[in-house]
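Asker: Sharing work-v6.pdb, PDB, C-alpha atoms:
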```pdb
ATOM      1  CA  MET A   1      25.752   1.474  35.074
ATOM      2  CA  LEU A   2      24.761   2.254  31.507
ATOM      3  CA  SER A   3      23.810  -0.675  29.314
ATOM      4  CA  ARG A   4      26.035  -1.745  26.463
ATOM      5  CA  LEU A   5      23.409  -0.565  23.988
ATOM      6  CA  ASN A   6      23.379   2.844  25.599
ATOM      7  CA  HIS A   7      27.169   3.092  25.335
ATOM      8  CA  ILE A   8      26.939   2.248  21.638
ATOM      9  CA  ARG A   9      24.209   4.822  20.959
ATOM     10  CA  THR A  10      26.095   7.477  22.928
ATOM     11  CA  ALA A  11      29.224   6.892  20.870
ATOM     12  CA  LEU A  12      27.312   7.067  17.606
ATOM     13  CA  PHE A  13      25.389  10.248  18.344
ATOM     14  CA  SER A  14      27.566  12.323  20.659
ATOM     15  CA  PHE A  15      30.378  13.452  18.443
ATOM     16  CA  ALA A  16      28.925  14.091  15.009
ATOM     17  CA  ARG A  17      25.566  14.446  13.404
ATOM     18  CA  PRO A  18      24.763  11.169  11.626
ATOM     19  CA  THR A  19      23.692  10.998   7.988
ATOM     20  CA  MET A  20      20.071   9.913   7.825
ATOM     21  CA  SER A  21      19.155   7.323   5.205
ATOM     22  CA  HIS A  22      15.590   8.581   4.569
ATOM     23  CA  ALA A  23      14.385  12.079   3.788
ATOM     24  CA  VAL A  24      11.264  12.780   5.829
ATOM     25  CA  ASP A  25       8.375  14.999   4.802
ATOM     26  CA  THR A  26       7.694  16.543   8.204
ATOM     27  CA  SER A  27       4.277  17.803   7.063
ATOM     28  CA  HIS A  28       2.954  14.299   7.720
ATOM     29  CA  TYR A  29       3.883  14.721  11.391
ATOM     30  CA  ARG A  30       2.812  18.329  11.916
ATOM     31  CA  ALA A  31      -0.811  19.450  11.768
ATOM     32  CA  ALA A  32      -1.606  22.450   9.572
ATOM     33  CA  LEU A  33      -2.771  24.496  12.575
ATOM     34  CA  SER A  34      -0.860  23.988  15.805
ATOM     35  CA  SER A  35      -1.002  27.264  17.696
ATOM     36  CA  GLY A  36      -4.585  27.487  18.929
ATOM     37  CA  ALA A  37      -5.175  28.889  22.400
ATOM     38  CA  GLN A  38      -7.221  25.815  23.319
ATOM     39  CA  ASN A  39      -4.370  23.393  22.648
ATOM     40  CA  GLU A  40      -2.615  21.614  25.501
ATOM     41  CA  ILE A  41       0.750  19.995  26.153
ATOM     42  CA  ALA A  42       1.364  16.443  27.378
ATOM     43  CA  THR A  43       4.844  15.293  28.381
ATOM     44  CA  PHE A  44       5.831  11.647  28.874
ATOM     45  CA  ALA A  45       9.076   9.815  29.624
ATOM     46  CA  ALA A  46       9.022   6.100  28.836
ATOM     47  CA  GLY A  47      12.523   5.075  27.860
ATOM     48  CA  CYS A  48      14.440   5.878  24.680
ATOM     49  CA  PHE A  49      12.592   8.811  23.137
ATOM     50  CA  TRP A  50      13.034   7.574  19.572
ATOM     51  CA  GLY A  51      10.531   4.758  20.106
ATOM     52  CA  VAL A  52       8.173   6.784  22.281
ATOM     53  CA  GLU A  53       7.719   9.449  19.611
ATOM     54  CA  HIS A  54       7.453   6.835  16.863
ATOM     55  CA  ILE A  55       4.662   4.821  18.454
ATOM     56  CA  PHE A  56       2.583   7.877  19.370
ATOM     57  CA  LEU A  57       2.829   9.310  15.856
ATOM     58  CA  LYS A  58       2.041   5.954  14.240
ATOM     59  CA  GLU A  59      -1.139   5.767  16.320
ATOM     60  CA  TYR A  60      -2.119   9.438  16.052
ATOM     61  CA  PRO A  61      -0.701  10.875  12.803
ATOM     62  CA  PRO A  62      -1.218  14.647  12.829
ATOM     63  CA  SER A  63      -2.034  14.551   9.115
ATOM     64  CA  GLN A  64      -5.100  12.409   9.940
ATOM     65  CA  ASN A  65      -6.567  14.863  12.454
ATOM     66  CA  LYS A  66      -6.554  12.421  15.371
ATOM     67  CA  GLY A  67      -5.724  15.069  17.955
ATOM     68  CA  ILE A  68      -1.933  15.166  18.134
ATOM     69  CA  LEU A  69      -0.730  18.334  16.412
ATOM     70  CA  LYS A  70       3.025  18.037  16.738
ATOM     71  CA  THR A  71       5.704  16.427  18.869
ATOM     72  CA  SER A  72       9.284  16.979  19.921
ATOM     73  CA  VAL A  73      11.732  14.836  21.832
ATOM     74  CA  GLY A  74      13.957  16.312  24.482
ATOM     75  CA  TYR A  75      15.195  16.385  28.035
ATOM     76  CA  THR A  76      13.345  17.368  31.214
ATOM     77  CA  GLY A  77      13.186  16.694  34.932
ATOM     78  CA  GLY A  78      16.884  17.310  35.475
ATOM     79  CA  LEU A  79      19.001  19.275  37.897
ATOM     80  CA  GLU A  80      18.416  23.022  37.804
ATOM     81  CA  LYS A  81      22.128  23.661  37.338
ATOM     82  CA  ALA A  82      22.289  21.314  34.334
ATOM     83  CA  GLN A  83      20.997  23.681  31.670
ATOM     84  CA  ASN A  84      20.887  22.984  27.922
ATOM     85  CA  PRO A  85      22.161  19.413  28.291
ATOM     86  CA  THR A  86      23.504  17.471  25.345
ATOM     87  CA  TYR A  87      22.575  13.883  24.538
ATOM     88  CA  ARG A  88      26.007  12.741  25.693
ATOM     89  CA  GLU A  89      25.605  14.521  29.032
ATOM     90  CA  VAL A  90      22.127  13.101  29.610
ATOM     91  CA  CYS A  91      23.391   9.590  28.845
ATOM     92  CA  THR A  92      25.939   9.830  31.660
ATOM     93  CA  GLY A  93      23.078  10.146  34.159
ATOM     94  CA  THR A  94      24.773  13.074  35.896
ATOM     95  CA  THR A  95      22.220  15.716  34.821
ATOM     96  CA  ASP A  96      19.245  13.642  36.061
ATOM     97  CA  HIS A  97      17.242  14.494  32.949
ATOM     98  CA  ALA A  98      14.816  12.012  31.444
ATOM     99  CA  GLU A  99      14.511  11.416  27.722
ATOM    100  CA  ALA A 100      10.962  12.556  27.049
ATOM    101  CA  LEU A 101       8.310  13.280  24.456
ATOM    102  CA  ARG A 102       6.437  16.599  24.361
ATOM    103  CA  ILE A 103       3.067  16.459  22.617
ATOM    104  CA  GLU A 104       0.923  19.383  21.541
ATOM    105  CA  PHE A 105      -2.658  18.167  21.221
ATOM    106  CA  ASP A 106      -6.196  19.412  20.651
ATOM    107  CA  PRO A 107      -8.370  18.364  23.640
ATOM    108  CA  SER A 108     -11.513  18.807  21.552
ATOM    109  CA  ILE A 109     -10.360  15.822  19.469
ATOM    110  CA  ILE A 110      -8.433  13.670  21.940
ATOM    111  CA  GLN A 111      -8.651  13.719  25.707
ATOM    112  CA  TYR A 112      -5.582  13.837  27.929
ATOM    113  CA  GLY A 113      -6.675  10.645  29.686
ATOM    114  CA  GLU A 114      -6.523   8.731  26.394
ATOM    115  CA  LEU A 115      -2.948   9.857  25.853
ATOM    116  CA  VAL A 116      -2.024   8.781  29.386
ATOM    117  CA  GLU A 117      -3.528   5.345  28.839
ATOM    118  CA  PHE A 118      -1.707   4.973  25.513
ATOM    119  CA  PHE A 119       1.513   5.902  27.305
ATOM    120  CA  TYR A 120       0.937   3.000  29.692
ATOM    121  CA  ARG A 121      -0.047   0.624  26.871
ATOM    122  CA  THR A 122       3.204   1.146  25.030
ATOM    123  CA  HIS A 123       6.006   0.643  27.547
ATOM    124  CA  ASP A 124       6.785  -1.235  30.763
ATOM    125  CA  PRO A 125       5.955   1.085  33.676
ATOM    126  CA  THR A 126       6.996  -1.456  36.333
ATOM    127  CA  THR A 127      10.782  -1.231  35.902
ATOM    128  CA  PRO A 128      12.372   1.761  37.680
ATOM    129  CA  ASN A 129      15.045   3.498  35.594
ATOM    130  CA  ARG A 130      14.867   0.889  32.880
ATOM    131  CA  GLN A 131      13.190  -0.059  29.604
ATOM    132  CA  GLY A 132      14.260  -3.391  28.179
ATOM    133  CA  GLY A 133      18.050  -3.390  27.940
ATOM    134  CA  ASP A 134      18.284   0.373  28.429
ATOM    135  CA  VAL A 135      19.300   1.116  32.008
ATOM    136  CA  GLY A 136      19.714   4.520  33.632
ATOM    137  CA  THR A 137      17.738   7.337  35.205
ATOM    138  CA  GLN A 138      17.243   8.903  31.778
ATOM    139  CA  TYR A 139      15.014   5.928  30.911
ATOM    140  CA  ARG A 140      12.677   6.262  33.893
ATOM    141  CA  SER A 141       8.900   6.274  33.473
ATOM    142  CA  VAL A 142       7.392   9.679  34.254
ATOM    143  CA  ILE A 143       4.241  11.650  33.500
ATOM    144  CA  PHE A 144       5.133  15.342  33.634
ATOM    145  CA  THR A 145       1.885  17.238  34.195
ATOM    146  CA  HIS A 146       1.108  20.790  33.122
ATOM    147  CA  SER A 147      -1.891  21.558  35.350
ATOM    148  CA  PRO A 148      -3.650  20.288  38.480
ATOM    149  CA  GLU A 149      -6.312  18.812  36.205
ATOM    150  CA  GLN A 150      -3.726  16.804  34.283
ATOM    151  CA  SER A 151      -2.257  15.579  37.568
ATOM    152  CA  LYS A 152      -5.632  14.302  38.740
ATOM    153  CA  ILE A 153      -6.357  12.611  35.425
ATOM    154  CA  ALA A 154      -2.915  10.984  35.424
ATOM    155  CA  GLN A 155      -3.458   9.623  38.933
ATOM    156  CA  ASP A 156      -6.940   8.333  38.068
ATOM    157  CA  VAL A 157      -5.734   6.598  34.894
ATOM    158  CA  THR A 158      -2.752   5.132  36.751
ATOM    159  CA  ARG A 159      -5.035   3.545  39.350
ATOM    160  CA  LYS A 160      -7.279   2.148  36.610
ATOM    161  CA  VAL A 161      -4.368   0.724  34.625
ATOM    162  CA  GLN A 162      -2.798  -0.757  37.775
ATOM    163  CA  GLU A 163      -6.027  -2.586  38.634
ATOM    164  CA  GLU A 164      -6.815  -3.777  35.119
ATOM    165  CA  HIS A 165      -3.422  -4.602  33.614
ATOM    166  CA  PHE A 166      -0.742  -4.935  36.302
ATOM    167  CA  LYS A 167      -2.162  -7.173  38.988
ATOM    168  CA  GLY A 168       0.721  -8.698  40.901
ATOM    169  CA  GLN A 169       3.063  -5.930  39.724
ATOM    170  CA  THR A 170       3.531  -2.350  40.835
ATOM    171  CA  ILE A 171       3.580   0.608  38.498
ATOM    172  CA  ALA A 172       6.735   2.622  39.191
ATOM    173  CA  THR A 173       5.795   5.614  37.040
ATOM    174  CA  GLU A 174       6.291   8.982  38.694
ATOM    175  CA  ILE A 175       3.721  11.747  38.287
ATOM    176  CA  LYS A 176       5.459  15.105  38.593
ATOM    177  CA  GLU A 177       4.853  18.721  37.726
ATOM    178  CA  ALA A 178       6.520  19.622  34.434
ATOM    179  CA  GLY A 179       9.585  21.826  34.641
ATOM    180  CA  GLN A 180      12.156  23.198  32.223
ATOM    181  CA  TRP A 181      12.123  21.547  28.808
ATOM    182  CA  TYR A 182      15.072  21.319  26.413
ATOM    183  CA  ASP A 183      14.602  20.120  22.833
ATOM    184  CA  ALA A 184      16.973  17.327  21.877
ATOM    185  CA  GLU A 185      19.362  17.753  18.983
ATOM    186  CA  GLU A 186      17.651  17.922  15.594
ATOM    187  CA  TYR A 187      18.863  14.497  14.441
ATOM    188  CA  HIS A 188      16.849  12.896  17.263
ATOM    189  CA  GLN A 189      13.580  14.433  16.065
ATOM    190  CA  LEU A 190      11.427  11.895  14.141
ATOM    191  CA  TYR A 191      14.454   9.602  14.276
ATOM    192  CA  LEU A 192      12.730   6.302  13.478
ATOM    193  CA  PHE A 193      10.909   7.843  10.534
ATOM    194  CA  LYS A 194      14.279   8.898   9.132
ATOM    195  CA  GLU A 195      15.882   5.569  10.075
ATOM    196  CA  PRO A 196      13.175   2.870   9.883
ATOM    197  CA  ASN A 197      15.718   0.169  10.768
ATOM    198  CA  GLY A 198      17.152   2.122  13.674
ATOM    199  CA  TYR A 199      17.177   0.971  17.265
ATOM    200  CA  GLN A 200      13.816   0.681  19.001
ATOM    201  CA  CYS A 201      13.400  -0.564  22.548
ATOM    202  CA  PRO A 202      11.437  -3.849  22.464
ATOM    203  CA  THR A 203       9.077  -2.630  25.188
ATOM    204  CA  HIS A 204       7.721   0.068  22.852
ATOM    205  CA  LYS A 205       4.751  -1.797  21.471
ATOM    206  CA  LYS A 206       1.072  -2.133  22.289
ATOM    207  CA  HIS A 207       0.754  -4.425  25.287
ATOM    208  CA  TRP A 208      -3.049  -4.573  25.221
TER     209      TRP A 208
END
```
Could I get this file's structure written as structure tokens?

Answerer:
Amino acid sequence: MLSRLNHIRTALFSFARPTMSHAVDTSHYRAALSSGAQNEIATFAAGCFWGVEHIFLKEYPPSQNKGILKTSVGYTGGLEKAQNPTYREVCTGTTDHAEALRIEFDPSIIQYGELVEFFYRTHDPTTPNRQGGDVGTQYRSVIFTHSPEQSKIAQDVTRKVQEEHFKGQTIATEIKEAGQWYDAEEYHQLYLFKEPNGYQCPTHKKHW
């Protein structure tokens, strides 16, 4: 069953595009050059995508050349027949999509393994289909990999994080090959930069 918070957010965002209270200069969150052949993609699901994008961009602002070039939030990992899902449809749980963050990064500046570890640092990977009060399959913890090398790195980092930070608990994060990606509606992009007082899941913070 969806949480009460999820019902509220679905009602607010499903029927009309909300008016954002802050104009955002997106140049701060997009690197000047973001189309190099050497760039890679990382895709993570860790609960409500507003907070996931926010915490990654606060740590690695593209304007500061820390390796992340640009991000987008969207839906992935769903049923093949459920194409071009809307936020409302994803929130019902019937499409099986996860809310996720897609990161374009420069591996000459930041390694994929560092991004995977930061993913683990900034949510609770031990709660299946849940982050804080947000309950549903769309909030599951998943690393969607884009190559066999990424898969191996993700598995290695997961074992390391399990041993060092989750003794007595079990990481429930799935590691799966990335599939079809759908960008979320525009008002979800950079949401917490547009709405600094907007909802953020309490698990989206640095835990170590």

Asker: Kindly indicate which residue among A:Lys194, A:Arg102, A:Lys176, A:Lys81 lies nearest to Phe44 (chain A), using all atoms listed in the file for the distances.

Answerer: A:Arg102

Asker: Quick one: everything within 9 Å of Tyr182 (chain A), counting all atoms listed in the file, minus sequence neighbours fewer than 2 positions away in the same chain. Send it as an MDAnalysis selection string.

Answerer: chainID A and resid 73:76 83:85 180 184

Asker: Return the single residue from A:Thr92, A:Thr137, A:Gln169, A:Thr43 that is closest to Ala154 (chain A), with distances computed using only C-alpha atoms.

Answerer: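 Under the stated criterion, the closest residue is A:Thr43.
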
Asker: Pick from A:Asp183, A:Glu163, A:Asp124, A:Glu114: nearest to Ala98 (chain A), with all atoms listed in the file counted?

Answerer: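 Looking at the shortest contact to Ala98 (chain A), the residue is A:Asp183.
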
Asker: Nearest to His146 (chain A) among A:Glu117, A:Glu177, A:Glu104, A:Asp134, with distances taken over only C-alpha atoms: which residue is it?

Answerer: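 Of the candidates, the smallest distance to His146 (chain A) is held by A:Glu177.
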
Asker: For each of A:Pro148, A:Lys206, A:Ile41, A:Ser141, take the minimum atom-to-atom distance to Glu59 (chain A), counting all atoms listed in the file, then give the residue where this is smallest.

Answerer: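 Looking only at the distances to Glu59 (chain A), the closest residue turns out to be A:Lys206.
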
Asker: Find the distance between CA of Tyr199 (chain A) and CA of Thr71 (chain A) and write it in Å to one decimal.

Answerer: 19.3 Å
